[in-house]
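Below is one structure, written out as structure tokens, with a few remarks after it.
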Amino acid sequence: MYKKYNLIFFMFLVVNMGIAQDNLEQTKANYQLAARFSPEKLRRLIFSTSVNPNWLKNTNRFWYVYETPAGKNWYIVDPAARKKDFLFDNAQLAAQLTRIVKDPFDAQHMDIRDLKFTNDERRIRFEINSTKDTLKTKEEREKSTNKTDSLKKKVFYLEYDLQTRQLVELADSLKPKPHLAWASFSPDTGTVIFAKNYNLYWMDRENYEKARKDEKDSTIVEHQFTTDGIQYYAWGGDDRSITTGDEKKDEDEKNQRKRAGITWSPDGRHFIVMRKDSRNINPLWVINNVGGKRPTLETYKYQMPGETDSTEQELHIFDFATKQPRRINVAAFKNQTLDVYTKPQPRNSRPDDIRINTWAGTNERFFFSRSSRDLKRVDLGTVAVDGAVKVLVEERSNTYLDVLQPELINDGQEFVFWSERDGWGHFYLYDGEGKLKNQITSGEFYCSEIVGLDEKTRTLYFAANGREANEDPYYQHLYSISLSGAGMKLLNPGDFDHQSNMDENSQFFVDNYSRVNTAPVSALYNSAGQEILALETTDLSQLFAAGYKFPEPFKVKADDGITDLYGVMYKPFDFDSTKTYPIIEYVYPGPQTESVNKAFGRSMDRIDRLAQFGFVVITVGNRGGHPARSNWYHTYGYGNLRDYGLADKKAAAEQLADRHPFIDVNRVGITGHSGGGFMSTAAMLVYPDFFKVAVSGAGNHENNIYNRWWSERHHGVTERVSAKGDTTFSYAIEKNPELAKNLKGRLLLATGDIDNNVHPANTIRMAEALIKANKRFDFVLMPGQRHGFGDMTEYFFWKMGDYFSRYLLGNYQDEVDITEMNKEAARRR
């Protein structure tokens, strides 16, 4: 009997060891598969995914470059002739390059840079780097810290005649110097205005050309015409002023020429400047611990929600002849925000063109908008050059209002206005005096932007989503409609997300379209919606050869059981339906966007690649997220900015687990960055028994110390007017640290130590609350990194992979070296 029981026990032990071994094999983290799809490797697997047309000035033709596993090709397209040709013969050009540069080139390997058409559009000019070393200039050698670093690669400047097919080298002196970022050109391009030492200066074109060659040229003549500008109350150039504590560095920065934010009248007789006194706004600081021999302190102005703002945004109009300003009284609301609208830059402008910032309107008046601090009141109006202000449209709401630039017709004799007044984003036609003529678009769909306007035919071309039945409502399409509201037409049908680029004359457009589970396609259409040419289809053959598989779109219900939510599921590429997998949600709460891909993309770090460790990763929307649905959906979280999206994230994971037996709803992770870092930690604290592991990067855990604009806009700020007429603002919001005692699962917090967007104090205060609650958690500081983690992004990915693998799979790599990164670094070297 004793032997019999021993035998039974032994058999039981063997069976259970086998089960344990099966589970171990099932949950082993697959670091190798995750490493196979690093950003560096994807650059060699995914090439061009869209056609970006460079429209020519004199015709409707355009050129573009497109890369595949066979190399790059350059094309010229003539829409009117329905014709697409190679811009040049690669092999023939490569032979000429080899003769001139003395480096070997072939048809597949030509790194042509900065290609531009000449004004007659018969020739192209471009640059090619040579392997040949040339001596650096004396100044460059003196600045170099490396004594042996006296050489540099020669850059050849070349011109190719498209008719004769001949290539010639051009002298460096013929290459135009890039225009300087600080230059605000007058409409006749004869004068340049800029900011320096917190004041406005001007110089003529001759002296600007000297600066273009050498900004330190001592013969440059410049003229100062304001004298009362000081730091934080400057005439331009001081919007994001940062002081470092290094007196010489700060003084040098002050003396640099900067862009002044000038907006000109079309005739150049007047220009306007916005000015704001920020001296009484409290400063904020970050310390760069690794930026030099001594840690450095950065100081910058930063207004937090609910804080007192004692000054108003000023609008000044200058008479260019006298250079004298006149302040315009546009006050309507306390702490209002002003926007002056400018004419869009032509779509066929060349990279080296002078860009002139001209106001939208006539020589006599320009269009502007003003928004109350709580963003519940918006006025659209005009300002005349004599200072007269006229309100054309008033918008009011109990939640915040979004504002788009109006589209002017005949310089403002009529204009197209965008509004969500009926609960959806639509266009309205007004006359130049603010009288509503008609609503142009209507229905349960969202119009997002104007793509083109043909004034002769009075046809509006615009992007919209949510109109087509049986499609993901986020898929964008291009439509046309008469300004009268008649004849709305879909121009690019197909169950895909479409991104359109229209020519300056609104006659043709390039359509780039895909879904997350299709290869991107590019085609050319005319304005009637007829396909003219099939242009390109992205070649993903090498990506699939490496083992890639498309993700899967899905639809679930929100926690209310009514609202449809749309998401994407990413599985391991070695997925086995007989196994069970933890589920991780990659989140961003909105309200300005949802991090749910609709089109195929090359960035896979936080979704596709994370899944390869052995997880099912999902992204899904939530009520209060993306603006491109109804206004109800978009503003759902107003007044509840911490918790509004969490129930929907939980409901989505539960529904997917019910549908798919391979999802283990008892092993749920969550991760996100910025707002997603805030949301992922909140999920762990609001639903501590559901979400088991979180990795939260750069989260705004205390929105009361995040920036005023975002926090007040999306959560709300209370405006109170006393009996005396004094206006004050108060702000209160629930914060993540208040729930620190609820933590049950595993939490990794991370922040960059010089993040001047979401200040590190957000994460540090979260850590403090967890410590005081006696919680175990993990914290990673990214030295010298700002909000996006910069060159430590890859390091953070592997830390995230380790963390989820350890606590959701029970299997992770704990060697000191992250060998996957070492291999990648060695390959790059």
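We name chains A, B, ... following the order of the structure tokens; residues begin at 1 in each chain, and ligands are numbered from 1 as shown.
For segment 169-199 of chain A, backbone-based DSSP labels the following residues as strand (DSSP E): A:Glu169, A:Leu170, A:Ser184, A:Phe185, A:Thr191, A:Val192, A:Ile193, A:Phe194, A:Ala195, A:Lys196, A:Asn199.
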Residue contacts of Gly625 of chain A (6 Å, only C-alpha atoms) excluding same-chain residues fewer than 6 positions away, as a VMD selection string: chain A and resid 589 to 591 594 634
Would you pick out the contacts of segment 769-775 of chain A at 6 Å or less, using only C-alpha atoms, so that residues sharing its chain but fewer than 6 positions from it are not included, and give the list as an MDAnalysis selection string? chainID A and resid 737 740:741
From a DSSP calculation on the backbone, collect every residue of segment 298-546 of chain A in alpha helix (DSSP H) and output the set as a PyMOL selection string. chain A and resi 541-545
Give me, please, the distance in Å between atom CA of Val155 of chain A and atom CA of Ile128 of chain A, quoted to one decimal.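 Distance between the two atoms: 5.8 Å.
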Nearest-residue call for Arg642 of chain A, choices A:Arg82, A:His714, A:Arg659, A:Arg377, using only C-alpha atoms: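 Closest to Arg642 of chain A of all the choices is A:His714.
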Write out as a PDB file with N, CA and C atoms, in the first residue's frame the residues lying within 12 Å of Asn398 of chain A, counting only C-alpha atoms and excluding same-chain residues fewer than 3 positions away.
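Produced file part_31.pdb, reproduced below:
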```
ATOM      1  N   ASP A 374     -12.343  81.288 -19.266  1.00  0.00           N
ATOM      2  CA  ASP A 374     -12.971  79.978 -19.113  1.00  0.00           C
ATOM      3  C   ASP A 374     -13.370  79.363 -20.450  1.00  0.00           C
ATOM      4  N   LEU A 375     -13.121  80.065 -21.559  1.00  0.00           N
ATOM      5  CA  LEU A 375     -13.355  79.587 -22.924  1.00  0.00           C
ATOM      6  C   LEU A 375     -14.812  79.255 -23.200  1.00  0.00           C
ATOM      7  N   LYS A 376     -15.709  79.840 -22.429  1.00  0.00           N
ATOM      8  CA  LYS A 376     -17.133  79.659 -22.674  1.00  0.00           C
ATOM      9  C   LYS A 376     -17.705  80.757 -23.568  1.00  0.00           C
ATOM     10  N   ARG A 377     -16.898  81.782 -23.820  1.00  0.00           N
ATOM     11  CA  ARG A 377     -17.320  82.908 -24.656  1.00  0.00           C
ATOM     12  C   ARG A 377     -16.225  83.204 -25.675  1.00  0.00           C
ATOM     13  N   VAL A 378     -16.625  83.252 -26.934  1.00  0.00           N
ATOM     14  CA  VAL A 378     -15.700  83.548 -28.021  1.00  0.00           C
ATOM     15  C   VAL A 378     -16.347  84.570 -28.944  1.00  0.00           C
ATOM     16  N   GLU A 395     -20.034  83.472 -29.927  1.00  0.00           N
ATOM     17  CA  GLU A 395     -20.291  82.080 -29.577  1.00  0.00           C
ATOM     18  C   GLU A 395     -20.311  81.958 -28.062  1.00  0.00           C
ATOM     19  N   LEU A 401     -15.216  76.204 -25.666  1.00  0.00           N
ATOM     20  CA  LEU A 401     -15.427  76.318 -27.103  1.00  0.00           C
ATOM     21  C   LEU A 401     -14.114  76.143 -27.847  1.00  0.00           C
ATOM     22  N   ARG A 421     -22.178  74.687 -32.634  1.00  0.00           N
ATOM     23  CA  ARG A 421     -23.381  75.207 -31.977  1.00  0.00           C
ATOM     24  C   ARG A 421     -24.549  74.235 -32.009  1.00  0.00           C
ATOM     25  N   ASN A 631     -19.822  66.977 -29.918  1.00  0.00           N
ATOM     26  CA  ASN A 631     -19.379  67.842 -28.830  1.00  0.00           C
ATOM     27  C   ASN A 631     -19.688  67.201 -27.474  1.00  0.00           C
ATOM     28  N   TRP A 632     -20.771  66.430 -27.413  1.00  0.00           N
ATOM     29  CA  TRP A 632     -21.087  65.693 -26.183  1.00  0.00           C
ATOM     30  C   TRP A 632     -19.962  64.730 -25.835  1.00  0.00           C
ATOM     31  N   THR A 635     -16.615  66.682 -24.732  1.00  0.00           N
ATOM     32  CA  THR A 635     -16.619  67.406 -23.457  1.00  0.00           C
ATOM     33  C   THR A 635     -17.140  66.568 -22.298  1.00  0.00           C
ATOM     34  N   TYR A 638     -15.526  67.121 -18.875  1.00  0.00           N
ATOM     35  CA  TYR A 638     -15.426  68.486 -18.357  1.00  0.00           C
ATOM     36  C   TYR A 638     -15.839  68.512 -16.884  1.00  0.00           C
ATOM     37  N   GLY A 639     -14.942  69.003 -16.030  1.00  0.00           N
ATOM     38  CA  GLY A 639     -15.189  69.057 -14.597  1.00  0.00           C
ATOM     39  C   GLY A 639     -14.785  67.808 -13.851  1.00  0.00           C
ATOM     40  N   GLY A 716     -12.137  73.110 -16.543  1.00  0.00           N
ATOM     41  CA  GLY A 716     -13.006  74.223 -16.176  1.00  0.00           C
ATOM     42  C   GLY A 716     -12.410  75.058 -15.072  1.00  0.00           C
ATOM     43  N   VAL A 717     -12.671  76.359 -15.126  1.00  0.00           N
ATOM     44  CA  VAL A 717     -12.261  77.296 -14.089  1.00  0.00           C
ATOM     45  C   VAL A 717     -13.470  78.166 -13.764  1.00  0.00           C
ATOM     46  N   THR A 718     -13.654  78.454 -12.500  1.00  0.00           N
ATOM     47  CA  THR A 718     -14.835  79.208 -12.084  1.00  0.00           C
ATOM     48  C   THR A 718     -14.527  80.691 -12.041  1.00  0.00           C
TER      49      THR A 718
END
```
Can you tell me which residues surround Asn357 of chain A at a distance of at most 10 Å, considering only C-alpha atoms, apart from same-chain residues fewer than 5 positions away, and format the answer as number ranges by chain? A: 184-187, 261-266, 271, 341-345
List the spatial neighbours of Phe691 of chain A as an NGL selection string - criterion: any atom at most 12 Å away, only C-alpha atoms, same-chain residues fewer than 6 positions off excluded. :A and (582-585 or 646-647 or 649-651 or 653-654 or 664-671 or 679-685 or 742-747 or 807-808)
Could you check which of A:Lys28, A:Lys437, A:Ser50, A:Leu115 is closest to Tyr812 of chain A, using only C-alpha atoms?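 Checking each of A:Lys28, A:Lys437, A:Ser50, A:Leu115 against Tyr812 of chain A, counting only C-alpha atoms, the winner is A:Lys28.
Contact shell of Leu478 of chain A at 9 Å (only C-alpha atoms; same-chain neighbours under 3 positions omitted): A:Val451, A:Tyr461, A:Phe462, A:Ala463, A:Ala464, A:Asn465, A:Lys489, A:Leu490, A:Leu491, A:Asn492, A:Pro493, A:His498, A:Gln499, A:Ser500, A:Asp511.
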Store the residues picked out above, limited to C-alpha atoms, as a short mmCIF file (atom, residue, chain, number, x, y, z; two decimals), in the first residue's frame.
```
data_model
loop_
_atom_site.label_atom_id
_atom_site.label_comp_id
_atom_site.auth_asym_id
_atom_site.auth_seq_id
_atom_site.Cartn_x
_atom_site.Cartn_y
_atom_site.Cartn_z
CA VAL A 451 -8.64 71.96 -47.49
CA TYR A 461 -13.38 71.46 -50.06
CA PHE A 462 -13.09 70.14 -46.53
CA ALA A 463 -12.05 67.16 -44.41
CA ALA A 464 -14.67 65.43 -42.29
CA ASN A 465 -15.26 62.14 -40.51
CA LYS A 489 -20.04 65.06 -52.43
CA LEU A 490 -17.60 62.46 -51.13
CA LEU A 491 -14.40 62.78 -53.18
CA ASN A 492 -12.28 59.87 -51.93
CA PRO A 493 -14.47 56.88 -51.05
CA HIS A 498 -7.66 59.41 -45.88
CA GLN A 499 -5.20 62.31 -45.72
CA SER A 500 -5.51 64.71 -48.63
CA ASP A 511 -4.89 61.10 -51.38
#
```
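Note that the spacing between atom CA of Lys598 of chain A and atom CA of His660 of chain A amounts to 22.2 Å.
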So, counting only C-alpha atoms, which residue among A:Phe415, A:Phe544, A:Tyr687, A:Phe600 is closest to Asn512 of chain A?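 Looking only at the distances to Asn512 of chain A, the closest residue turns out to be A:Phe600.
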A:Ala181, A:Ala360, A:Ile272, A:Ile230 ranked by distance to Tyr198 of chain A, top pick (using only C-alpha atoms):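 Nearest to Tyr198 of chain A: A:Ile230.
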